[in-house]
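Step one of this worksheet: look at the structure below.
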Amino acid sequence: MYEIKDLSGVEFSKVAACMRDAFSDYYVKMELGDEALYHRFHSENVRYDLSCGAFVEDELVAVLLNAVGDYNGEKVAFDAATGVVPAHRRKGLYSKMMDFCMDLLRQRNFAYYGLEVIQTNEPAVATYRKMGLEVIKEYACFRGNAKESAKGTEEFQELPIKEFPLEKLVPLMHDAPSFENRTEILQFFPDDYLIMFTGSPDQCEAFVIYQKDNGHVKQWGRREGKLPELGQMMVNLSGRYQDVRLHNINFTDQELIAHLEELGFDHFCDQYEMKMDW
């Protein structure tokens with residue numbers, strides 16, 4: 001009944017429609033239009049020839065999209081998005097798609113396969129564990145806006161990221177960026193991002209790098225004692241955008257997590273990062 005095939009020859013509108021349908025009853029919905037979804041997956045370097053879908057005749061009813069890239073110095077493959085249309089769940093489609101993709105990916109000498117999953121999605125977490133993936137990090141995710149009483153700052157500068165020495169920001173980061181926030185994406189699409197920072201480019205005190213069309217934060221950091229400045233810049237973004245997003249703060253940075261909650265941002269979910277070595 002089901003045929004598993006790669007997605008290299010499939011119209012993106014069909015992939016996008018399947019993804020929205022598959023996420024329609026999820027806690028975190030996939031509400032973007034075709035153009036926005038295409039840009040998101042393009043920016044993450046999704047490879048459709050290394051991804052797959054489940055078809056019933058010509059109907060696409062499940063997808064597994066794999067991105068590839070340099071992550072912490074290693075060439076890795078990463079699950080960018082997986083979804084099964086509700087009427088076709090509990091048919092073993094995810095396992096079939098994973099088997100199909102693993103055969104493709106093992107031929108490409110990736111260091112490992114990784115993914116992120118919402119912690120409350122216990123069936124998915126259990127499935128991933130059975131397939132050999134292990135939890136390596138825990139992340140907090142925020143969205144929304146700061147409370148009205150939260151204070152921003154006028155003591156900041158702003159530049160296109162291609163005018164800023166990004167390598168000088170590494171010491172300010174509590175943890176290496178997650179796969180979806182990796183520096184490689186910024187380098188591929190520098191015109192999409194701005195950096196808001198305090199201090200100077202050579203002696204930055206705190207910063208946020210964000211997507212200028214929607215306010216989604218890709219990277220952030222601060223020096224010791226500069227958490228208030230980072231929070232104030234998040235409040236600045238909240239004043240500009242209707243729904244600020246900041247995904248994947250490592251659980252080890254509880255100071256930042258607590259500060260964003262205090263500012264009024266919505267701590268809407270937590271995720272595991274999981275990996276499987278070949």
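Ligands are numbered from 1 in the order shown, chains are lettered A, B, ... in the order of the structure tokens, and residues start at 1 in each chain.
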
Sel. of alpha helix (DSSP H) residues, range 24-211 of chain A, as an MDAnalysis selection string: chainID A and resid 34:43 93:105 122:130 183:188

task: With a distance cut-off of 6 Å and only C-alpha atoms, select the neighbouring residues of Ala206 in chain A, excluding the residue or stretch itself and same-chain residues fewer than 4 positions from it, and output the selection as a list in words.
output: Phe197, Thr198, Gly221, Arg222 and Leu230 of chain A

Atoms to include: all heavy atoms. Write the selected residues as a short mmCIF file (atom, residue, chain, number, x, y, z; two decimals), in the first residue's frame.
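After the write, out.cif holds the following:
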```cif
data_model
loop_
_atom_site.label_atom_id
_atom_site.label_comp_id
_atom_site.auth_asym_id
_atom_site.auth_seq_id
_atom_site.Cartn_x
_atom_site.Cartn_y
_atom_site.Cartn_z
N PHE A 197 24.16 44.44 19.59
CA PHE A 197 25.18 44.16 20.59
C PHE A 197 25.48 45.38 21.45
O PHE A 197 25.20 46.52 21.07
CB PHE A 197 26.47 43.67 19.90
CG PHE A 197 27.12 44.68 18.98
CD1 PHE A 197 28.18 45.47 19.41
CD2 PHE A 197 26.67 44.84 17.68
CE1 PHE A 197 28.78 46.39 18.56
CE2 PHE A 197 27.26 45.76 16.81
CZ PHE A 197 28.32 46.54 17.26
N THR A 198 26.05 45.13 22.61
CA THR A 198 26.58 46.18 23.47
C THR A 198 28.10 46.06 23.49
O THR A 198 28.65 44.99 23.21
CB THR A 198 26.02 46.08 24.90
OG1 THR A 198 26.35 44.80 25.45
CG2 THR A 198 24.52 46.26 24.90
N GLY A 221 24.67 35.61 23.36
CA GLY A 221 25.74 35.39 24.33
C GLY A 221 25.99 36.63 25.15
O GLY A 221 25.51 37.72 24.85
N ARG A 222 26.79 36.47 26.20
CA ARG A 222 27.13 37.61 27.06
C ARG A 222 28.37 37.26 27.87
O ARG A 222 28.68 36.10 28.10
CB ARG A 222 25.98 38.00 27.98
CG ARG A 222 25.83 37.18 29.27
CD ARG A 222 25.08 35.90 29.05
NE ARG A 222 24.77 35.21 30.30
CZ ARG A 222 24.20 34.00 30.37
NH1 ARG A 222 23.89 33.35 29.27
NH2 ARG A 222 23.96 33.46 31.54
N LEU A 230 21.80 41.47 27.86
CA LEU A 230 21.22 40.53 26.90
C LEU A 230 19.70 40.55 27.00
O LEU A 230 18.99 40.58 25.98
CB LEU A 230 21.75 39.12 27.19
CG LEU A 230 21.19 37.97 26.35
CD1 LEU A 230 21.36 38.23 24.86
CD2 LEU A 230 21.85 36.65 26.74
#
```

Between range 145-204 of chain A and range 58-75 of chain A, at 12 Å or less, what are the per-residue closest atom pairs and their distances in Å? Count only C-alpha atoms, order by chain and rising residue number, and return it as a tab-separated table.
```
residue	atom	partner	partner_atom	distance
A:Asp175	CA	A:Asn72	CA	10.8
A:Ala176	CA	A:Asn72	CA	7.4
A:Pro177	CA	A:Asn72	CA	8.6
A:Ser178	CA	A:Tyr71	CA	8.2
A:Phe179	CA	A:Tyr71	CA	6.3
A:Glu180	CA	A:Ala67	CA	9.5
A:Asn181	CA	A:Tyr71	CA	9.8
A:Arg182	CA	A:Tyr71	CA	6.8
A:Thr183	CA	A:Tyr71	CA	8.6
A:Glu184	CA	A:Asp70	CA	6.9
A:Ile185	CA	A:Gly69	CA	8.9
A:Gln187	CA	A:Asp70	CA	11.6
A:Phe188	CA	A:Gly69	CA	11.1
```

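Straight-line separation from CA of Ser13 in chain A to CA of Tyr210 in chain A: 27.0 Å.
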
message: As an exercise, work out the distance from CA of Ser51 in chain A to CA of Tyr272 in chain A in Å and give it to one decimal place.
response: 21.6 Å

- prompt: Which polymer residues have any atom within 10 Å of an atom of range 254-260 of chain A, counting only C-alpha atoms, with same-chain residues fewer than 2 positions away left out, as JSON, numbers by chain?
  reply: {"A": [139, 140, 141, 142, 143, 145, 146, 174, 221, 227, 228, 230, 231, 234, 235, 246, 249, 250, 251, 252, 262, 263, 264, 265, 266, 267]}

query: Where does DSSP see strand (DSSP E) in range 1-229 of chain A, if you list the residues as number ranges by chain?
result: A: 3-6, 52-56, 59-71, 74-84, 112-118, 134-144, 157-160, 193-199, 204-211, 216-222

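Among A:Lys96, A:Arg89, A:His39, A:Lys275, the residue with the shortest atom-to-atom distance to Ala22 in chain A, counting only C-alpha atoms, is A:Arg89.
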
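Among the candidate residues A:Phe100, A:Tyr38, A:Tyr2, A:Tyr26, the one lying nearest to Lys14 in chain A is A:Tyr38, with distances computed using only C-alpha atoms.
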
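The spacing separating CA of Asp103 in chain A from CA of Arg129 in chain A amounts to 18.8 Å.
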
task: Excluding Tyr112 in chain A and any residue of its chain fewer than 2 positions from it, enumerate the residues within 9 Å of it, using only C-alpha atoms, and give them as a ChimeraX atom specification.
output: /A:74-78,109-110,114,275-278

With C-alpha atoms retained, could you export that selection as a JSON list (two decimals), in the first residue's frame?
```json
[["chain", "number", "residue", "atom", "x", "y", "z"],
["A", 74, "GLU", "CA", 31.92, 17.39, 12.03],
["A", 75, "LYS", "CA", 29.96, 16.63, 8.87],
["A", 76, "VAL", "CA", 26.57, 15.41, 10.13],
["A", 77, "ALA", "CA", 23.09, 14.58, 8.90],
["A", 78, "PHE", "CA", 20.18, 15.90, 10.94],
["A", 109, "ASN", "CA", 30.43, 9.26, 5.46],
["A", 110, "PHE", "CA", 28.56, 11.48, 7.91],
["A", 114, "GLY", "CA", 21.01, 13.71, 14.94],
["A", 275, "LYS", "CA", 22.27, 11.40, 18.18],
["A", 276, "MET", "CA", 23.11, 8.03, 16.70],
["A", 277, "ASP", "CA", 26.67, 7.13, 15.75],
["A", 278, "TRP", "CA", 27.13, 4.96, 12.70]]
```

query: Within 9 Å of Lys5 in chain A, counting only C-alpha atoms, which residues qualify if same-chain residues fewer than 4 places away don't, as a VMD selection string?
result: chain A and resid 51 to 55 97 100

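Using only C-alpha atoms, the contacts of range 32-35 of chain A at a cut-off of 10 Å, with sequence neighbours closer than 2 positions omitted, comprise A:Phe12, A:Ser13, A:Lys14, A:Val15, A:Ala16, A:Ala17, A:Met19, A:Arg20, A:Lys29, A:Met30, A:Leu37, A:Tyr38, A:His39, A:Arg40.
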
What does the file look like for those residues with N, CA and C atoms, as a PDB file, in the first residue's frame?
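Listed below is the output, selection_3.pdb:
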```
ATOM      1  N   PHE A  12       7.672  21.011  -4.255  1.00  0.00           N
ATOM      2  CA  PHE A  12       7.745  21.413  -2.850  1.00  0.00           C
ATOM      3  C   PHE A  12       6.370  21.701  -2.273  1.00  0.00           C
ATOM      4  N   SER A  13       5.443  22.181  -3.080  1.00  0.00           N
ATOM      5  CA  SER A  13       4.100  22.471  -2.564  1.00  0.00           C
ATOM      6  C   SER A  13       3.459  21.214  -1.981  1.00  0.00           C
ATOM      7  N   LYS A  14       3.769  20.053  -2.560  1.00  0.00           N
ATOM      8  CA  LYS A  14       3.229  18.790  -2.040  1.00  0.00           C
ATOM      9  C   LYS A  14       3.894  18.445  -0.703  1.00  0.00           C
ATOM     10  N   VAL A  15       5.203  18.686  -0.585  1.00  0.00           N
ATOM     11  CA  VAL A  15       5.918  18.451   0.670  1.00  0.00           C
ATOM     12  C   VAL A  15       5.368  19.369   1.759  1.00  0.00           C
ATOM     13  N   ALA A  16       5.174  20.646   1.423  1.00  0.00           N
ATOM     14  CA  ALA A  16       4.687  21.619   2.407  1.00  0.00           C
ATOM     15  C   ALA A  16       3.280  21.276   2.880  1.00  0.00           C
ATOM     16  N   ALA A  17       2.417  20.878   1.960  1.00  0.00           N
ATOM     17  CA  ALA A  17       1.038  20.530   2.327  1.00  0.00           C
ATOM     18  C   ALA A  17       1.013  19.317   3.254  1.00  0.00           C
ATOM     19  N   MET A  19       3.438  18.385   5.252  1.00  0.00           N
ATOM     20  CA  MET A  19       4.006  18.785   6.538  1.00  0.00           C
ATOM     21  C   MET A  19       2.975  19.521   7.395  1.00  0.00           C
ATOM     22  N   ARG A  20       2.235  20.435   6.784  1.00  0.00           N
ATOM     23  CA  ARG A  20       1.224  21.175   7.556  1.00  0.00           C
ATOM     24  C   ARG A  20       0.136  20.233   8.066  1.00  0.00           C
ATOM     25  N   LYS A  29       2.637  23.622  15.921  1.00  0.00           N
ATOM     26  CA  LYS A  29       2.108  23.448  14.567  1.00  0.00           C
ATOM     27  C   LYS A  29       3.065  24.007  13.520  1.00  0.00           C
ATOM     28  N   MET A  30       2.925  23.538  12.303  1.00  0.00           N
ATOM     29  CA  MET A  30       3.688  24.005  11.154  1.00  0.00           C
ATOM     30  C   MET A  30       2.760  24.910  10.348  1.00  0.00           C
ATOM     31  N   LEU A  37       8.236  28.168   4.319  1.00  0.00           N
ATOM     32  CA  LEU A  37       8.752  26.829   4.600  1.00  0.00           C
ATOM     33  C   LEU A  37       9.926  26.486   3.691  1.00  0.00           C
ATOM     34  N   TYR A  38       9.795  26.839   2.415  1.00  0.00           N
ATOM     35  CA  TYR A  38      10.883  26.565   1.484  1.00  0.00           C
ATOM     36  C   TYR A  38      12.158  27.273   1.934  1.00  0.00           C
ATOM     37  N   HIS A  39      12.021  28.534   2.338  1.00  0.00           N
ATOM     38  CA  HIS A  39      13.195  29.297   2.776  1.00  0.00           C
ATOM     39  C   HIS A  39      13.788  28.672   4.041  1.00  0.00           C
ATOM     40  N   ARG A  40      12.935  28.267   4.964  1.00  0.00           N
ATOM     41  CA  ARG A  40      13.436  27.645   6.196  1.00  0.00           C
ATOM     42  C   ARG A  40      14.245  26.402   5.889  1.00  0.00           C
TER      43      ARG A  40
END
```
